[in-house]
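Student: I am sharing run_28.cif, which consists of mmCIF, C-alpha atoms:
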data_structure
#
loop_
_atom_site.label_atom_id
_atom_site.label_comp_id
_atom_site.auth_asym_id
_atom_site.auth_seq_id
_atom_site.Cartn_x
_atom_site.Cartn_y
_atom_site.Cartn_z
CA MET A 1 17.83 -30.19 2.37
CA LYS A 2 15.56 -28.46 4.86
CA ALA A 3 15.70 -24.77 5.49
CA THR A 4 14.11 -22.77 8.26
CA VAL A 5 13.73 -19.03 7.90
CA LEU A 6 13.18 -16.94 11.01
CA VAL A 7 11.74 -13.52 10.23
CA ARG A 8 11.78 -10.98 13.04
CA PRO A 9 10.78 -7.35 13.41
CA LYS A 10 14.01 -5.34 13.22
CA GLN A 11 15.40 -3.84 16.40
CA GLY A 12 13.86 -0.48 17.15
CA ILE A 13 10.78 -1.19 15.03
CA LEU A 14 7.57 -0.91 16.99
CA ASP A 15 5.97 -4.35 17.33
CA PRO A 16 2.41 -3.88 18.60
CA GLN A 17 1.75 -7.61 18.39
CA GLY A 18 4.74 -8.33 20.64
CA ASP A 19 3.58 -5.63 23.06
CA ALA A 20 0.11 -7.19 23.27
CA VAL A 21 1.55 -10.65 23.93
CA GLU A 22 3.85 -9.19 26.57
CA HIS A 23 0.89 -7.57 28.36
CA SER A 24 -1.05 -10.82 28.30
CA LEU A 25 1.88 -12.82 29.66
CA ARG A 26 2.22 -10.32 32.50
CA LYS A 27 -1.49 -10.63 33.20
CA LEU A 28 -0.95 -14.37 33.55
CA GLY A 29 1.73 -13.67 36.16
CA PHE A 30 4.81 -14.35 34.03
CA ASP A 31 7.81 -12.16 34.60
CA VAL A 32 8.74 -11.03 31.10
CA SER A 33 10.29 -7.76 30.03
CA THR A 34 10.18 -7.90 26.22
CA VAL A 35 8.29 -9.92 23.63
CA ARG A 36 8.81 -9.67 19.88
CA VAL A 37 6.66 -11.70 17.51
CA GLY A 38 8.06 -12.94 14.22
CA ARG A 39 7.41 -15.71 11.75
CA VAL A 40 8.87 -19.13 10.96
CA ILE A 41 8.94 -20.42 7.39
CA ASP A 42 9.95 -24.04 6.74
CA LEU A 43 11.21 -24.93 3.29
CA GLU A 44 12.32 -28.12 1.61
CA LEU A 45 14.88 -27.75 -1.16
CA GLU A 46 16.32 -30.02 -3.81
CA GLY A 47 19.98 -30.96 -3.54
CA ASP A 48 22.55 -31.11 -0.74
CA ASP A 49 24.85 -28.20 -1.53
CA GLU A 50 24.61 -26.16 1.66
CA GLU A 51 26.32 -23.06 0.33
CA ARG A 52 24.09 -22.93 -2.70
CA ALA A 53 20.97 -23.54 -0.62
CA ARG A 54 21.89 -20.76 1.77
CA ALA A 55 22.40 -18.28 -1.06
CA GLU A 56 19.14 -19.35 -2.69
CA VAL A 57 17.12 -18.97 0.52
CA ARG A 58 18.68 -15.58 1.19
CA ARG A 59 17.51 -14.49 -2.25
CA MET A 60 14.01 -15.76 -1.42
CA CYS A 61 14.05 -13.69 1.76
CA GLU A 62 15.09 -10.56 -0.06
CA ALA A 63 12.55 -11.09 -2.87
CA LEU A 64 9.51 -12.09 -0.83
CA LEU A 65 9.80 -13.75 2.57
CA ALA A 66 10.93 -10.67 4.51
CA ASN A 67 10.57 -6.94 4.01
CA PRO A 68 14.06 -5.55 4.66
CA LEU A 69 12.65 -2.18 5.73
CA ILE A 70 11.16 -3.63 8.88
CA GLU A 71 12.27 -7.26 9.20
CA SER A 72 15.51 -9.13 9.68
CA PHE A 73 15.90 -12.80 8.83
CA ASP A 74 18.01 -15.82 9.79
CA VAL A 75 18.45 -18.90 7.63
CA ARG A 76 19.06 -22.29 9.24
CA LEU A 77 19.82 -25.40 7.19
CA GLU A 78 19.78 -29.11 7.94
CA SER A 79 20.25 -32.08 5.65
CA SER A 80 17.07 -34.10 5.25
CA MET B 1 -13.79 8.23 -29.13
CA SER B 2 -15.70 8.92 -25.95
CA GLY B 3 -14.67 11.89 -23.87
CA ARG B 4 -14.26 9.70 -20.82
CA PRO B 5 -10.71 8.53 -20.10
CA VAL B 6 -10.29 4.84 -19.33
CA VAL B 7 -9.21 4.18 -15.75
CA ALA B 8 -8.27 0.57 -15.05
CA VAL B 9 -9.31 -0.88 -11.68
CA VAL B 10 -7.18 -3.92 -10.91
CA VAL B 11 -9.09 -6.74 -9.23
CA PHE B 12 -7.15 -9.16 -7.03
CA PRO B 13 -8.62 -12.17 -5.24
CA GLY B 14 -9.75 -10.53 -2.01
CA SER B 15 -10.24 -7.02 -3.38
CA ASN B 16 -13.52 -5.70 -2.01
CA ASP B 17 -13.63 -2.01 -2.87
CA ASP B 18 -13.14 -2.55 -6.60
CA ARG B 19 -16.80 -1.98 -7.44
CA ASP B 20 -17.07 1.08 -5.22
CA ALA B 21 -13.94 2.47 -6.86
CA ALA B 22 -15.35 1.83 -10.34
CA TRP B 23 -18.68 3.41 -9.41
CA ALA B 24 -17.00 6.48 -7.92
CA LEU B 25 -14.68 6.86 -10.92
CA GLY B 26 -17.71 6.72 -13.19
CA ALA B 27 -19.40 9.39 -11.07
CA VAL B 28 -16.46 11.77 -11.60
CA GLY B 29 -16.20 11.27 -15.35
CA ALA B 30 -14.04 8.21 -16.00
CA GLU B 31 -14.72 5.08 -18.00
CA PRO B 32 -13.77 2.46 -15.40
CA VAL B 33 -12.57 -0.92 -16.69
CA PHE B 34 -11.83 -3.91 -14.45
CA VAL B 35 -8.52 -5.68 -14.99
CA TRP B 36 -8.06 -9.17 -13.51
CA HIS B 37 -4.84 -9.76 -11.58
CA GLU B 38 -3.77 -12.48 -14.02
CA ASP B 39 -3.91 -10.11 -17.00
CA ASP B 40 -0.44 -9.00 -17.91
CA ARG B 41 -1.52 -5.92 -19.84
CA LEU B 42 -3.82 -2.96 -19.35
CA PRO B 43 -6.64 -2.17 -21.81
CA ALA B 44 -5.59 -0.13 -24.85
CA GLY B 45 -5.94 3.57 -24.19
CA THR B 46 -5.73 3.28 -20.40
CA GLY B 47 -5.15 6.73 -18.95
CA GLY B 48 -5.00 5.88 -15.25
CA VAL B 49 -4.91 2.97 -12.81
CA VAL B 50 -6.57 2.44 -9.45
CA LEU B 51 -5.46 -0.31 -7.09
CA PRO B 52 -8.53 -0.73 -4.88
CA GLY B 53 -8.93 -1.58 -1.22
CA GLY B 54 -9.49 -5.04 0.19
CA PHE B 55 -7.48 -7.99 1.40
CA SER B 56 -5.65 -9.26 -1.67
CA TYR B 57 -4.56 -12.89 -1.29
CA GLY B 58 -5.95 -12.86 2.24
CA ASP B 59 -3.13 -10.54 3.40
CA TYR B 60 -0.92 -13.66 3.49
CA LEU B 61 2.72 -13.14 4.49
CA ARG B 62 2.45 -9.33 4.57
CA THR B 63 -0.34 -7.11 3.27
CA GLY B 64 0.16 -6.52 -0.45
CA ALA B 65 3.23 -8.77 -0.68
CA ILE B 66 1.73 -11.51 -2.87
CA ALA B 67 -0.29 -9.06 -5.00
CA SER B 68 2.88 -7.11 -5.76
CA LEU B 69 4.12 -10.12 -7.74
CA SER B 70 0.98 -10.60 -9.87
CA PRO B 71 1.08 -10.29 -13.67
CA ALA B 72 -1.20 -7.23 -13.55
CA MET B 73 1.30 -5.46 -11.31
CA GLY B 74 3.97 -6.00 -13.96
CA ALA B 75 1.76 -4.04 -16.36
CA VAL B 76 1.07 -1.38 -13.72
CA ARG B 77 4.80 -1.00 -13.07
CA GLN B 78 5.41 -0.43 -16.78
CA PHE B 79 2.50 2.02 -16.94
CA ALA B 80 3.94 3.93 -13.97
CA GLU B 81 7.41 3.98 -15.54
CA ASP B 82 5.83 5.49 -18.66
CA GLY B 83 4.45 8.31 -16.49
CA GLY B 84 0.86 7.07 -16.18
CA PRO B 85 -1.03 8.12 -13.06
CA VAL B 86 -1.54 5.32 -10.51
CA LEU B 87 -3.57 5.65 -7.32
CA GLY B 88 -3.43 2.96 -4.63
CA ILE B 89 -6.15 3.04 -1.99
CA CYS B 90 -5.68 1.21 1.32
CA ASN B 91 -4.69 -2.31 0.20
CA GLY B 92 -3.64 -0.65 -3.05
CA PHE B 93 -1.26 1.56 -1.04
CA GLN B 94 0.10 -1.55 0.69
CA ILE B 95 0.65 -3.20 -2.71
CA LEU B 96 2.48 -0.13 -4.08
CA CYS B 97 4.82 -0.14 -1.07
CA GLU B 98 5.51 -3.87 -1.38
CA SER B 99 6.14 -3.32 -5.10
CA ARG B 100 8.67 -0.61 -4.17
CA LEU B 101 6.76 1.81 -6.36
CA LEU B 102 6.31 3.87 -3.20
CA PRO B 103 8.70 4.20 -0.25
CA GLY B 104 7.99 2.74 3.16
CA VAL B 105 5.63 0.03 4.29
CA LEU B 106 2.23 -0.28 6.01
CA ARG B 107 2.34 -1.96 9.41
CA PRO B 108 -0.31 -3.15 11.88
CA ASN B 109 -2.10 -0.28 13.62
CA ARG B 110 -0.42 0.58 16.90
CA GLN B 111 -3.67 -0.05 18.80
CA LEU B 112 -3.92 -3.49 17.14
CA GLU B 113 -7.53 -2.78 16.33
CA PHE B 114 -9.25 -2.45 13.03
CA VAL B 115 -10.16 1.21 12.70
CA CYS B 116 -13.29 2.13 10.75
CA ARG B 117 -14.47 5.72 10.84
CA ASP B 118 -14.27 9.11 9.17
CA ALA B 119 -10.84 10.67 9.43
CA THR B 120 -9.63 14.16 8.66
CA ALA B 121 -6.64 14.32 6.35
CA VAL B 122 -4.86 17.61 5.74
CA VAL B 123 -3.54 18.39 2.26
CA GLU B 124 0.21 18.99 2.64
CA ASN B 125 0.94 19.39 -1.05
CA ALA B 126 -1.77 20.71 -3.38
CA GLU B 127 0.43 20.66 -6.46
CA THR B 128 0.47 16.95 -7.22
CA ILE B 129 -1.70 15.67 -10.07
CA PHE B 130 -3.86 13.98 -7.41
CA THR B 131 -4.42 17.00 -5.17
CA ARG B 132 -4.54 19.92 -7.57
CA ARG B 133 -8.30 20.26 -7.10
CA CYS B 134 -7.60 20.82 -3.38
CA THR B 135 -6.01 23.75 -1.61
CA LEU B 136 -2.95 23.63 0.63
CA GLY B 137 -4.02 22.94 4.20
CA GLN B 138 -7.51 21.83 3.17
CA GLU B 139 -9.04 19.31 5.55
CA LEU B 140 -10.55 16.34 3.73
CA VAL B 141 -13.03 14.17 5.61
CA ILE B 142 -12.68 10.67 4.19
CA PRO B 143 -13.39 7.27 5.80
CA ILE B 144 -10.57 5.00 6.87
CA LYS B 145 -11.03 1.26 7.47
CA HIS B 146 -7.93 -0.80 8.01
CA GLY B 147 -6.06 -2.98 10.45
CA GLU B 148 -2.63 -2.39 8.93
CA GLY B 149 -2.45 1.27 8.03
CA ALA B 150 0.47 2.59 10.03
CA TRP B 151 2.90 3.84 7.41
CA TYR B 152 6.53 3.45 8.37
CA ALA B 153 9.83 4.61 6.91
CA ASP B 154 13.11 5.35 8.63
CA GLN B 155 13.75 8.91 9.75
CA GLY B 156 16.19 9.67 6.91
CA THR B 157 13.72 8.54 4.24
CA TYR B 158 10.92 10.48 5.87
CA VAL B 159 12.93 13.72 6.04
CA GLN B 160 13.84 13.37 2.37
CA LEU B 161 10.21 12.73 1.37
CA ALA B 162 8.96 15.68 3.42
CA ALA B 163 11.59 18.00 1.91
CA ARG B 164 10.50 16.99 -1.60
CA GLY B 165 6.80 17.47 -0.92
CA GLN B 166 6.10 13.75 -1.22
CA ILE B 167 4.06 13.68 1.99
CA VAL B 168 0.73 14.60 0.42
CA LEU B 169 -1.84 13.86 3.14
CA ARG B 170 -1.41 13.85 6.90
CA TYR B 171 -4.02 12.88 9.49
CA ALA B 172 -5.18 15.76 11.65
CA GLU B 173 -4.85 13.41 14.64
CA ASP B 174 -3.03 10.16 15.37
CA VAL B 175 -5.40 7.41 14.19
CA ASN B 176 -3.14 4.35 13.88
CA GLY B 177 0.44 5.10 14.88
CA SER B 178 1.43 6.07 11.34
CA PHE B 179 4.87 7.71 11.23
CA ALA B 180 4.39 11.49 11.53
CA GLN B 181 0.66 10.88 10.99
CA VAL B 182 1.26 10.25 7.30
CA ALA B 183 -1.95 9.31 5.46
CA GLY B 184 -0.82 9.52 1.84
CA ILE B 185 2.39 9.86 -0.16
CA VAL B 186 3.49 10.27 -3.75
CA ASN B 187 6.56 8.92 -5.57
CA ALA B 188 9.48 11.14 -6.62
CA ALA B 189 8.16 11.43 -10.18
CA GLY B 190 4.77 12.51 -8.83
CA ASN B 191 2.64 10.05 -10.82
CA VAL B 192 2.11 7.28 -8.23
CA MET B 193 0.15 7.99 -5.06
CA GLY B 194 -0.93 5.78 -2.19
CA LEU B 195 -3.28 6.65 0.65
CA MET B 196 -5.05 4.76 3.41
CA PRO B 197 -8.30 6.81 3.44
CA HIS B 198 -10.95 5.70 0.94
CA PRO B 199 -11.87 8.54 -1.45
CA GLU B 200 -14.25 6.21 -3.30
CA HIS B 201 -16.42 6.12 -0.15
CA ALA B 202 -16.66 9.91 -0.04
CA VAL B 203 -18.00 11.12 -3.37
CA ASP B 204 -21.52 12.16 -2.35
CA THR B 205 -22.59 14.48 0.47
CA LEU B 206 -25.60 12.19 1.00
CA LEU B 207 -23.12 9.70 2.46
CA GLY B 208 -21.42 12.27 4.67
CA SER B 209 -18.69 13.77 2.53
CA ALA B 210 -17.76 14.40 -1.09
CA ASP B 211 -14.13 15.29 -0.33
CA GLY B 212 -12.88 12.05 -1.89
CA ALA B 213 -14.28 13.17 -5.24
CA LEU B 214 -11.64 15.94 -5.33
CA LEU B 215 -8.87 13.32 -5.42
CA LEU B 216 -10.62 10.97 -7.85
CA ALA B 217 -11.64 13.75 -10.22
CA ALA B 218 -8.03 14.97 -10.24
CA LEU B 219 -6.94 11.44 -11.14
CA VAL B 220 -9.44 11.44 -14.00
CA ASP B 221 -8.03 14.80 -15.21
CA ALA B 222 -4.55 13.27 -15.12
CA ALA B 223 -5.81 10.18 -16.96
CA ALA B 224 -7.26 12.35 -19.73
CA GLU B 225 -3.95 14.19 -20.01
CA HIS B 226 -2.00 10.93 -20.14
CA VAL B 227 -4.24 9.64 -22.94
CA ALA B 228 -3.86 12.92 -24.87
CA LEU B 229 -0.08 12.74 -24.45
CA ALA B 230 0.00 9.20 -25.83
CA LEU B 231 -1.85 10.38 -28.95
CA VAL B 232 0.63 13.14 -29.73
#
Do you think you could lay out the structure here as structure tokens?
Tutor:
Amino acid sequence: MKATVLVRPKQGILDPQGDAVEHSLRKLGFDVSTVRVGRVIDLELEGDDEERARAEVRRMCEALLANPLIESFDVRLESS
Amino acid sequence: MSGRPVVAVVVFPGSNDDRDAAWALGAVGAEPVFVWHEDDRLPAGTGGVVLPGGFSYGDYLRTGAIASLSPAMGAVRQFAEDGGPVLGICNGFQILCESRLLPGVLRPNRQLEFVCRDATAVVENAETIFTRRCTLGQELVIPIKHGEGAWYADQGTYVQLAARGQIVLRYAEDVNGSFAQVAGIVNAAGNVMGLMPHPEHAVDTLLGSADGALLLAALVDAAAEHVALALV
């Protein structure tokens, strides 16, 4: 089973990296109002039990992959 | 037994202020001992711990996140729970936050630039074991050098910390977008402190300032007391 974790700065949290990217995109002439920069983490897991995998990856997020004070996360699963 | 209390300096891969910290601790009366991140215990008789500055584990994932899971941090957590004084400097502060030994988190500087200069930090609480050689309102000139030093906590947490005197140092001016210009905080029990400024780089007036020595010498006092307490 493959899992993809999307980690994003929480709403309302200042994201200076996103702001800098937004400025640069504007400089290039793109019409963009907000940019937020996060992180993608790809995982490969043993087994095919989707429910179990989802719970396991959520635990990984809470223990290490995201900092709940400032980041939110989404878990996406697909069978490999 | 020597009169100098042992202060452990934990060395992570990527620490780079460990030697400066050890030198400065020696200069203010401690017996500094390096502890490798893979060690799961502190030297016998350890009276205090310093988590030094640097870029542990290359700042991978989030600053301090990987280091917070190292065996040495397990020992530091136990030491802190037993009331031992722990001081985290810069990356050490980041590690303490990621370990949840201190509230909040350090985020990239608002200006997205590495800042490296002397900063003035005002003592907001002179009654902690780390600041009792200072006076309330004293302005300490201590270098800062970090890319991710903007401390953040939600408003509710901040208000609670401020009410309890846990905001120990505050920048005199906004240097990095840190919430309420916070430069250093202490835990509720008062024995774990983290700060972004580098006291180990300010222990001799020849190098511009000796204000950092006030904090380190106070840590050494606390380490001596912790050792004496353990012997009772």
Student: Output as a ChimeraX atom specification the set of chain B residues within 12 Å of chain A, with distances taken over all atoms listed in the file.
Tutor: /B:60-69,97-100,103-113,147-148,150-155,157,176-179
Student: Quick one: apply the PyMOL selection byres ((chain B and resi 101) around 12) to the file and drop the selected residues here as number ranges by chain.
Tutor: B: 68, 73-74, 76-81, 86-88, 92-100, 102-105, 185-194
Student: Would you pick out the contacts of B:Ile89 at 7 Å or less, using only C-alpha atoms, so that residues sharing its chain but fewer than 5 positions from it are not included, and give the list as number ranges by chain?
Tutor: B: 51-53, 194-198
Student: What is the atom CA of B:Tyr171 to atom CA of A:Pro9 distance in Å?
Tutor: 25.4 Å
Student: Evaluate the PyMOL selection byres ((chain A and resi 50) around 12) here and jot the selected residues down as number ranges by chain.
Tutor: A: 1-3, 45-49, 51-57, 75-80
Student: For B:Ala162, which residue out of B:Leu207, B:Ala180, B:Val175, B:Ala230 is the nearest one, using only C-alpha atoms?
Tutor: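 For B:Ala162, the nearest of the given residues is B:Ala180.
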Student: Pick out the closest residue to A:Arg58 from this set: A:Asp74, A:His23, A:Arg36, A:Leu43. Count only C-alpha atoms.
Tutor: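 Result for the nearest residue to A:Arg58: A:Asp74.
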Student: What is the distance between atom CA of B:Val10 and atom CA of B:Tyr158, in Å to one decimal?
Tutor: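 If I compute the distance from atom CA of B:Val10 to atom CA of B:Tyr158, I get 28.6 Å.
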Student: Quick one: everything within 8 Å of B:Leu25, counting only C-alpha atoms, minus sequence neighbours fewer than 6 positions away in the same chain. Send it as a ChimeraX atom specification.
Tutor: /B:7,31-32,200,216-217,220
Student: From the list B:Ser209, B:Thr128, B:Asn91, B:Gln181, which residue is nearest B:Asp59 when using only C-alpha atoms?
Tutor: B:Asn91
Student: Rounded to one decimal place, report the atom CA of B:Arg170-atom CA of B:Arg19 distance in Å.
Tutor: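 Taking atom CA of B:Arg170 as the start and atom CA of B:Arg19 as the end point, the length is 26.3 Å.
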